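Undergrad: Here it is, the structure, as structure tokens.
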Amino acid sequence: MPYTPPDQAVRTAMIDRVKFNEDGLITAIAQQHDSGEILMLAWMNAEALDETLRTGRVCYYSRSRHGLWRKGETSGQVQMLVDARLDCDRDAILLLVDQKGVACHTGRRSCFYNALRPEGIVEITRPEVAVETLYGKA
């Protein structure tokens, strides 16, 4: 079923109930909607959450750039929203997405590729796309 955005009044009412931290952010977990694969963890502020709910294209807040980060705007690896769910405390959000391409800036499908094993940290997946290809720095 395609994503249907709520109208502005509903979006505003929902966002007003979110418990953002002292920096005005909420933890956002992206999960592939059909496989359950956890893709990445990022942050959203009220503006990013509103844009995501309004457009259906996932937008985060970049703490390093201090601004909105529209997933895929430079790499083409877009996340389209299928559903969004707040946790019980309303201080974290789960984004069920349709990931186009890879989610991780390292070229991997998921950012969670470092497994903690008895022998140490083990990379369990290889990049699917070269970083130079993702960001046009070839």
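Residues in the structure tokens are numbered from 1 in each chain, the chains being A, B, ... in the order shown, and ligands are numbered from 1 in the order shown.
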With 8 Å as the cut-off and only C-alpha atoms counted, what is the closest atom pair between each nearby residue of region 40-115 of chain A and region 1-24 of chain A? Distances in Å to one decimal, ordered by chain and number, as a tab-separated table.
TA:
residue	atom	partner	partner_atom	distance
A:Asn45	CA	A:Gly24	CA	5.8
A:Ala46	CA	A:Ile15	CA	6.6
A:Leu49	CA	A:Ile15	CA	7.6
A:Asp50	CA	A:Arg11	CA	6.7
A:Leu53	CA	A:Pro5	CA	5.8
A:Arg54	CA	A:Pro5	CA	5.4
A:Thr55	CA	A:Pro5	CA	6.9
A:Gly56	CA	A:Tyr3	CA	6.6
A:Leu81	CA	A:Tyr3	CA	6.7
A:Val82	CA	A:Tyr3	CA	5.4
A:Asp83	CA	A:Tyr3	CA	7.2
A:Leu86	CA	A:Val18	CA	8.0
A:Asp89	CA	A:Lys19	CA	7.6
A:Arg90	CA	A:Val18	CA	5.3
A:Asp91	CA	A:Lys19	CA	4.8
Undergrad: Neighbours of Lys100 (chain A) within 8 Å (only C-alpha atoms; same-chain residues fewer than 5 positions away dropped), as a list of chain:residue names?
TA: A:Gly76, A:Gln77, A:Val78, A:Gln79
Undergrad: Those same residues, written as a PDB file, in the first residue's frame with all heavy atoms?
TA:
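Writing the result to part_16.pdb gives the following:
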ATOM      1  N   GLY A  76      21.908   9.273  -4.393  1.00  0.00           N
ATOM      2  CA  GLY A  76      20.829   8.630  -5.138  1.00  0.00           C
ATOM      3  C   GLY A  76      20.215   7.443  -4.417  1.00  0.00           C
ATOM      4  O   GLY A  76      19.289   6.810  -4.917  1.00  0.00           O
ATOM      5  N   GLN A  77      20.693   7.146  -3.218  1.00  0.00           N
ATOM      6  CA  GLN A  77      20.223   5.987  -2.441  1.00  0.00           C
ATOM      7  C   GLN A  77      19.066   6.437  -1.538  1.00  0.00           C
ATOM      8  O   GLN A  77      19.212   6.624  -0.350  1.00  0.00           O
ATOM      9  CB  GLN A  77      21.365   5.395  -1.618  1.00  0.00           C
ATOM     10  CG  GLN A  77      22.654   5.167  -2.395  1.00  0.00           C
ATOM     11  CD  GLN A  77      22.512   4.199  -3.549  1.00  0.00           C
ATOM     12  OE1 GLN A  77      22.169   3.040  -3.365  1.00  0.00           O
ATOM     13  NE2 GLN A  77      22.787   4.654  -4.745  1.00  0.00           N
ATOM     14  N   VAL A  78      17.909   6.602  -2.112  1.00  0.00           N
ATOM     15  CA  VAL A  78      16.749   7.219  -1.475  1.00  0.00           C
ATOM     16  C   VAL A  78      16.001   6.241  -0.579  1.00  0.00           C
ATOM     17  O   VAL A  78      15.929   5.049  -0.866  1.00  0.00           O
ATOM     18  CB  VAL A  78      15.796   7.761  -2.573  1.00  0.00           C
ATOM     19  CG1 VAL A  78      14.525   8.336  -1.987  1.00  0.00           C
ATOM     20  CG2 VAL A  78      16.516   8.790  -3.430  1.00  0.00           C
ATOM     21  N   GLN A  79      15.429   6.772   0.493  1.00  0.00           N
ATOM     22  CA  GLN A  79      14.522   5.999   1.352  1.00  0.00           C
ATOM     23  C   GLN A  79      13.131   6.611   1.236  1.00  0.00           C
ATOM     24  O   GLN A  79      12.943   7.796   1.490  1.00  0.00           O
ATOM     25  CB  GLN A  79      14.952   6.063   2.825  1.00  0.00           C
ATOM     26  CG  GLN A  79      16.206   5.306   3.126  1.00  0.00           C
ATOM     27  CD  GLN A  79      16.644   5.451   4.573  1.00  0.00           C
ATOM     28  OE1 GLN A  79      16.132   6.277   5.324  1.00  0.00           O
ATOM     29  NE2 GLN A  79      17.607   4.639   4.971  1.00  0.00           N
TER      30      GLN A  79
END
Undergrad: Report, in Å with one decimal, the straight-line distance from CA of Leu41 (chain A) to CA of Cys111 (chain A).
TA: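 Separating CA of Leu41 (chain A) from CA of Cys111 (chain A) is a distance of 7.9 Å.
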Undergrad: Set the distance at 8 Å and use only C-alpha atoms: which residues neighbour Glu123 (chain A) once local chain neighbours fewer than 4 positions away are removed? I'd like the list as number ranges by chain.
TA: A: 113-115
Undergrad: So which residues touch Pro127 (chain A) within 8 Å, counting only C-alpha atoms, skipping near sequence neighbours fewer than 4 positions away, as a PyMOL selection string?
TA: chain A and resi 106-109
Undergrad: Just list as a PyMOL selection string whatever in region 53-130 of chain A DSSP marks as strand (DSSP E).
TA: chain A and resi 59-62+67-70+79-86+92-99+114-117+120-123
Undergrad: What would the file look like if the residues just selected were written as a compact mmCIF listing (two decimals), in the first residue's frame with N, CA and C atoms?
TA:
# COMPACT_ATOMS: atom_id res chain seq x y z
N CYS A 59 13.83 12.25 5.42
CA CYS A 59 14.73 13.38 5.65
C CYS A 59 15.21 13.29 7.09
N TYR A 60 16.50 13.45 7.30
CA TYR A 60 17.08 13.41 8.64
C TYR A 60 17.68 14.76 8.97
N TYR A 61 18.19 14.88 10.19
CA TYR A 61 18.95 16.05 10.60
C TYR A 61 20.40 15.62 10.76
N SER A 62 21.29 16.30 10.06
CA SER A 62 22.72 16.00 10.16
C SER A 62 23.33 16.81 11.29
N GLY A 67 22.11 20.68 9.68
CA GLY A 67 21.04 20.97 8.74
C GLY A 67 20.32 19.72 8.29
N LEU A 68 19.29 19.91 7.51
CA LEU A 68 18.52 18.79 6.99
C LEU A 68 19.37 17.97 6.03
N TRP A 69 19.15 16.67 6.05
CA TRP A 69 19.85 15.73 5.20
C TRP A 69 18.79 14.85 4.57
N ARG A 70 18.52 15.12 3.31
CA ARG A 70 17.53 14.34 2.57
C ARG A 70 18.23 13.09 2.05
N GLN A 79 15.43 6.77 0.49
CA GLN A 79 14.52 6.00 1.35
C GLN A 79 13.13 6.61 1.24
N MET A 80 12.17 5.77 0.87
CA MET A 80 10.77 6.20 0.80
C MET A 80 10.04 5.62 2.01
N LEU A 81 9.27 6.45 2.66
CA LEU A 81 8.57 6.06 3.88
C LEU A 81 7.38 5.15 3.55
N VAL A 82 7.27 4.06 4.30
CA VAL A 82 6.12 3.17 4.23
C VAL A 82 5.25 3.38 5.47
N ASP A 83 5.89 3.50 6.63
CA ASP A 83 5.18 3.71 7.89
C ASP A 83 6.17 4.30 8.89
N ALA A 84 5.66 5.00 9.89
CA ALA A 84 6.50 5.56 10.95
C ALA A 84 5.84 5.24 12.28
N ARG A 85 6.66 4.80 13.26
CA ARG A 85 6.14 4.38 14.56
C ARG A 85 6.99 4.93 15.68
N LEU A 86 6.34 5.60 16.62
CA LEU A 86 7.02 6.07 17.82
C LEU A 86 7.09 4.94 18.83
N ALA A 92 11.80 7.95 20.45
CA ALA A 92 12.53 7.30 19.37
C ALA A 92 11.51 6.93 18.30
N ILE A 93 11.95 6.94 17.05
CA ILE A 93 11.03 6.64 15.95
C ILE A 93 11.62 5.55 15.08
N LEU A 94 10.76 4.63 14.69
CA LEU A 94 11.10 3.56 13.75
C LEU A 94 10.50 3.93 12.41
N LEU A 95 11.35 4.05 11.40
CA LEU A 95 10.90 4.36 10.05
C LEU A 95 10.95 3.09 9.22
N LEU A 96 9.80 2.61 8.81
CA LEU A 96 9.73 1.48 7.90
C LEU A 96 9.84 2.07 6.50
N VAL A 97 10.88 1.70 5.78
CA VAL A 97 11.21 2.36 4.52
C VAL A 97 11.35 1.36 3.38
N ASP A 98 11.29 1.90 2.18
CA ASP A 98 11.68 1.16 0.99
C ASP A 98 12.99 1.79 0.56
N GLN A 99 14.09 1.10 0.84
CA GLN A 99 15.43 1.60 0.55
C GLN A 99 15.78 1.32 -0.90
N ASN A 114 29.47 -4.29 11.55
CA ASN A 114 30.57 -4.62 12.47
C ASN A 114 30.04 -5.51 13.57
N ALA A 115 30.30 -6.81 13.46
CA ALA A 115 29.82 -7.78 14.46
C ALA A 115 30.83 -7.90 15.59
N LEU A 116 30.31 -7.93 16.80
CA LEU A 116 31.17 -8.11 17.98
C LEU A 116 31.25 -9.61 18.25
N ARG A 117 32.40 -10.19 17.95
CA ARG A 117 32.59 -11.63 18.02
C ARG A 117 33.68 -11.96 19.04
N GLY A 120 36.92 -10.49 18.21
CA GLY A 120 36.96 -9.03 18.07
C GLY A 120 35.87 -8.54 17.14
N ILE A 121 36.06 -7.33 16.64
CA ILE A 121 35.09 -6.75 15.70
C ILE A 121 35.37 -7.31 14.31
N VAL A 122 34.32 -7.85 13.70
CA VAL A 122 34.45 -8.50 12.39
C VAL A 122 33.48 -7.83 11.42
N GLU A 123 34.01 -7.39 10.28
CA GLU A 123 33.14 -6.85 9.22
C GLU A 123 32.45 -8.02 8.53
Undergrad: Can you tell me how far CA of Arg126 (chain A) sits from CA of Ala28 (chain A), in Å to one decimal?
TA: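 CA of Ala28 (chain A) lies at a distance of 24.1 Å from CA of Arg126 (chain A).
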Undergrad: Give me every helix (DSSP H, G or I) residue in chain A, going by DSSP on the backbone, as a VMD selection string.
TA: chain A and resid 8 to 16 46 to 55 131 to 135
Undergrad: Please, what distance in Å, to one decimal, runs between CA of Val58 (chain A) and CA of Thr125 (chain A)?
TA: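 CA of Thr125 (chain A) lies at a distance of 24.4 Å from CA of Val58 (chain A).
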